[in-house]
>>> print(open('work.tsv').read())   # TSV, C-alpha atoms
chain	number	residue	atom	x	y	z
A	5	MET	CA	-1.54	-58.28	-68.04
A	6	SER	CA	-3.43	-55.04	-67.53
A	7	ASP	CA	-1.91	-51.60	-68.13
A	8	GLU	CA	-4.15	-50.23	-65.39
A	9	ILE	CA	-2.42	-48.81	-62.32
A	10	SER	CA	-3.85	-49.49	-58.91
A	11	HIS	CA	-5.17	-46.39	-57.14
A	12	ASP	CA	-2.75	-47.08	-54.27
A	13	ASP	CA	0.25	-47.22	-56.66
A	14	LEU	CA	-0.23	-43.73	-58.14
A	15	PRO	CA	2.88	-41.71	-57.22
A	16	ALA	CA	1.10	-38.36	-56.80
A	17	ILE	CA	-2.27	-36.72	-56.23
A	18	MET	CA	-1.98	-34.07	-58.95
A	19	SER	CA	-2.37	-34.53	-62.68
A	20	HIS	CA	-1.16	-31.07	-63.72
A	21	VAL	CA	-1.39	-27.32	-63.25
A	22	SER	CA	-1.28	-24.54	-65.83
A	23	ILE	CA	-0.33	-20.89	-65.75
A	24	GLY	CA	-1.21	-18.15	-68.17
A	25	VAL	CA	1.68	-16.10	-69.53
A	26	THR	CA	2.01	-12.78	-71.34
A	27	ASP	CA	4.88	-13.64	-73.71
A	28	TYR	CA	4.57	-17.32	-74.58
A	29	ALA	CA	7.91	-17.70	-76.39
A	30	LYS	CA	9.87	-15.95	-73.64
A	31	SER	CA	8.11	-17.85	-70.84
A	32	ARG	CA	8.53	-21.19	-72.64
A	33	ALA	CA	12.27	-20.55	-72.99
A	34	PHE	CA	12.48	-19.45	-69.32
A	35	TYR	CA	10.81	-22.61	-68.03
A	36	GLU	CA	12.67	-24.87	-70.45
A	37	ALA	CA	15.99	-23.66	-69.00
A	38	VAL	CA	14.90	-23.43	-65.36
A	39	LEU	CA	13.08	-26.77	-65.18
A	40	ALA	CA	15.99	-28.55	-66.87
A	41	THR	CA	17.88	-28.00	-63.60
A	42	ILE	CA	15.54	-30.51	-61.93
A	43	GLY	CA	15.37	-32.95	-64.85
A	44	ALA	CA	12.15	-31.76	-66.52
A	45	LYS	CA	11.66	-31.02	-70.20
A	46	VAL	CA	8.92	-30.15	-72.69
A	47	VAL	CA	6.91	-33.35	-73.12
A	48	MET	CA	4.00	-31.95	-75.14
A	49	GLU	CA	3.10	-28.80	-77.07
A	50	VAL	CA	-0.11	-27.33	-78.42
A	51	ASP	CA	-0.27	-24.70	-81.15
A	52	ALA	CA	-3.94	-24.25	-81.97
A	53	PRO	CA	-6.11	-21.28	-82.86
A	54	GLY	CA	-6.19	-19.03	-79.80
A	55	VAL	CA	-3.77	-20.99	-77.63
A	56	GLN	CA	-0.09	-21.85	-77.48
A	57	ALA	CA	1.02	-24.17	-74.72
A	58	ALA	CA	4.01	-26.21	-73.59
A	59	ALA	CA	3.75	-28.94	-70.99
A	60	PHE	CA	6.76	-29.78	-68.84
A	61	GLY	CA	7.47	-32.95	-66.92
A	62	LYS	CA	9.81	-35.91	-66.67
A	63	GLN	CA	7.48	-38.51	-68.19
A	64	PHE	CA	4.09	-36.85	-68.65
A	65	PRO	CA	2.68	-33.30	-68.83
A	66	GLU	CA	2.57	-31.91	-65.29
A	67	PHE	CA	3.17	-28.15	-65.58
A	68	TRP	CA	1.65	-26.18	-68.46
A	69	VAL	CA	2.78	-22.73	-69.60
A	70	GLN	CA	0.25	-21.21	-71.98
A	71	THR	CA	-1.55	-18.25	-73.39
A	72	PRO	CA	-4.92	-17.97	-71.62
A	73	HIS	CA	-7.72	-19.80	-73.47
A	74	ASP	CA	-10.08	-16.85	-73.10
A	75	GLY	CA	-7.65	-14.49	-74.85
A	76	GLU	CA	-7.57	-12.17	-71.85
A	77	LYS	CA	-4.43	-10.99	-70.06
A	78	PRO	CA	-3.08	-13.56	-67.57
A	79	SER	CA	-3.17	-12.78	-63.86
A	80	VAL	CA	-1.32	-14.04	-60.81
A	81	GLY	CA	-3.24	-15.80	-58.05
A	82	ASN	CA	-2.88	-14.26	-54.60
A	83	GLY	CA	-1.66	-17.02	-52.31
A	84	THR	CA	-0.90	-19.38	-55.20
A	85	HIS	CA	2.55	-20.79	-55.86
A	86	PHE	CA	4.01	-23.74	-57.70
A	87	GLY	CA	6.55	-25.95	-55.96
A	88	PHE	CA	8.90	-28.14	-57.98
A	89	LEU	CA	10.62	-31.13	-56.42
A	90	ALA	CA	14.39	-31.07	-56.84
A	91	PRO	CA	16.57	-34.15	-56.26
A	92	ASN	CA	18.97	-32.35	-53.91
A	93	ASN	CA	20.10	-28.99	-52.52
A	94	SER	CA	22.46	-28.40	-55.45
A	95	ALA	CA	19.57	-28.66	-57.87
A	96	VAL	CA	17.60	-26.13	-55.78
A	97	ARG	CA	20.56	-23.74	-56.07
A	98	ALA	CA	20.84	-24.38	-59.85
A	99	PHE	CA	17.10	-23.71	-60.25
A	100	TRP	CA	17.51	-20.42	-58.35
A	101	ASP	CA	20.61	-19.35	-60.26
A	102	LYS	CA	19.11	-20.10	-63.69
A	103	ALA	CA	15.80	-18.40	-62.85
A	104	VAL	CA	17.51	-15.23	-61.60
A	105	GLU	CA	19.83	-15.22	-64.62
A	106	LEU	CA	16.77	-15.33	-66.90
A	107	GLY	CA	14.91	-12.50	-65.17
A	108	ALA	CA	13.02	-14.00	-62.23
A	109	SER	CA	12.71	-11.88	-59.09
A	110	PRO	CA	14.09	-13.35	-55.85
A	111	ASP	CA	11.46	-14.04	-53.18
A	112	GLY	CA	13.39	-16.25	-50.74
A	113	GLU	CA	16.98	-17.43	-51.28
A	114	PRO	CA	17.90	-21.13	-51.22
A	115	GLY	CA	18.27	-22.52	-47.73
A	116	PRO	CA	16.78	-24.70	-45.03
A	117	ARG	CA	13.20	-23.99	-44.02
A	118	PRO	CA	12.89	-25.90	-40.72
A	119	HIS	CA	9.41	-24.46	-40.14
A	120	TYR	CA	8.32	-26.62	-43.13
A	121	GLY	CA	10.13	-29.66	-41.70
A	122	GLU	CA	13.69	-30.50	-40.76
A	123	ALA	CA	14.30	-32.17	-44.15
A	124	TYR	CA	13.09	-29.16	-46.18
A	125	TYR	CA	15.47	-27.05	-48.30
A	126	GLY	CA	14.02	-24.62	-50.81
A	127	CYS	CA	13.94	-21.31	-52.65
A	128	PHE	CA	11.22	-18.96	-53.88
A	129	LEU	CA	11.08	-16.66	-56.91
A	130	ARG	CA	8.64	-14.70	-59.06
A	131	ASP	CA	8.67	-15.72	-62.74
A	132	LEU	CA	8.48	-13.35	-65.70
A	133	ASP	CA	4.74	-12.76	-65.15
A	134	GLY	CA	4.94	-12.60	-61.35
A	135	HIS	CA	3.82	-16.17	-60.60
A	136	LYS	CA	5.44	-17.45	-57.40
A	137	ILE	CA	7.56	-20.54	-58.05
A	138	GLU	CA	9.61	-22.69	-55.73
A	139	ALA	CA	12.15	-25.46	-55.93
A	140	MET	CA	12.56	-27.70	-52.92
A	141	ALA	CA	14.48	-30.78	-51.90
A	142	TRP	CA	13.27	-33.12	-49.18
A	143	ASN	CA	16.46	-34.32	-47.51
A	144	ALA	CA	15.05	-37.50	-46.01
A	145	ALA	CA	14.18	-40.89	-47.42
A	146	PHE	CA	10.77	-41.23	-49.07
A	147	ASP	CA	8.53	-44.10	-48.05
A	148	THR	CA	7.95	-46.01	-51.28
A	149	GLY	CA	5.47	-48.38	-49.63
A	150	HIS	CA	7.58	-51.35	-50.71
A	151	ASP	CA	9.82	-53.48	-48.52
>>> encode(input="work.tsv", output="structure tokens")
Amino acid sequence: MSDEISHDDLPAIMSHVSIGVTDYAKSRAFYEAVLATIGAKVVMEVDAPGVQAAAFGKQFPEFWVQTPHDGEKPSVGNGTHFGFLAPNNSAVRAFWDKAVELGASPDGEPGPRPHYGEAYYGCFLRDLDGHKIEAMAWNAAFDTGHD
């Protein structure tokens, strides 16, 4: 039996994203608490010369928080945001509450966003470095491709 996964069976199109942060320890603690509300945890860490990084996910590293590899100050991308999938509306609210408690700036309170689809419920915030983050629940059944 092969461990290889068929291209059609991959559950997502993204491997991972990373953001640069100013205060690694503070940002790691922020994301550890906030992402726990949607079932994610630190799944990998790097502490090497010139870079500290923590990767969050449920099973594999999907979202990296790190000091920039070039040693320069991190910057926020204009028009860039990171959306995290929550299992339900309550988890979106918990994500929001925990993020605000830990110093995130509100940028769109939890609620329905019918302009993104009738099943969409989400919230938007700015993290400790100003990166735009989102939690959203899709309140409709997902097509798993299996009968």
>>> residues_around(input="work.tsv", residues="Ala29 (chain A)", least_positions_apart="2", cutoff="10 Å", atoms="all atoms listed in the file", output="list in words")
Val25, Thr26, Asp27, Ser31, Arg32, Ala33, Phe34, Gln56, Ala57, Ala58, Val69, Gln70 and Thr71 of chain A
>>> residues_around(input="work.tsv", residues="His20 (chain A)", least_positions_apart="5", cutoff="9 Å", atoms="only C-alpha atoms", output="ChimeraX atom specification")
/A:65-68
>>> atom_distance(input="work.tsv", atom1="CA of Ala103 (chain A)", atom2="CA of Tyr28 (chain A)")
16.3 Å
>>> atom_distance(input="work.tsv", atom1="CA of Pro53 (chain A)", atom2="CA of Gly24 (chain A)")
15.8 Å
>>> atom_distance(input="work.tsv", atom1="CA of Met48 (chain A)", atom2="CA of Ala90 (chain A)")
21.1 Å
>>> residues_near_point(input="work.tsv", point="(17.1, -27.0, -68.7)", cutoff="12 Å", atoms="only C-alpha atoms", output="NGL selection string")
:A and (32-46 or 60-62 or 95 or 98-99 or 101-103 or 106)
>>> residues_around(input="work.tsv", residues="Ser109 (chain A)", least_positions_apart="4", cutoff="9 Å", atoms="only C-alpha atoms", output="list in words")
Ala103, Val104, Phe128, Leu129, Arg130, Asp131, Leu132 and Gly134 of chain A
>>> closest_residue(input="work.tsv", among="A:Leu89, A:Pro116, A:Gly121, A:Ser79", to="Ala16 (chain A)", atoms="only C-alpha atoms")
A:Leu89
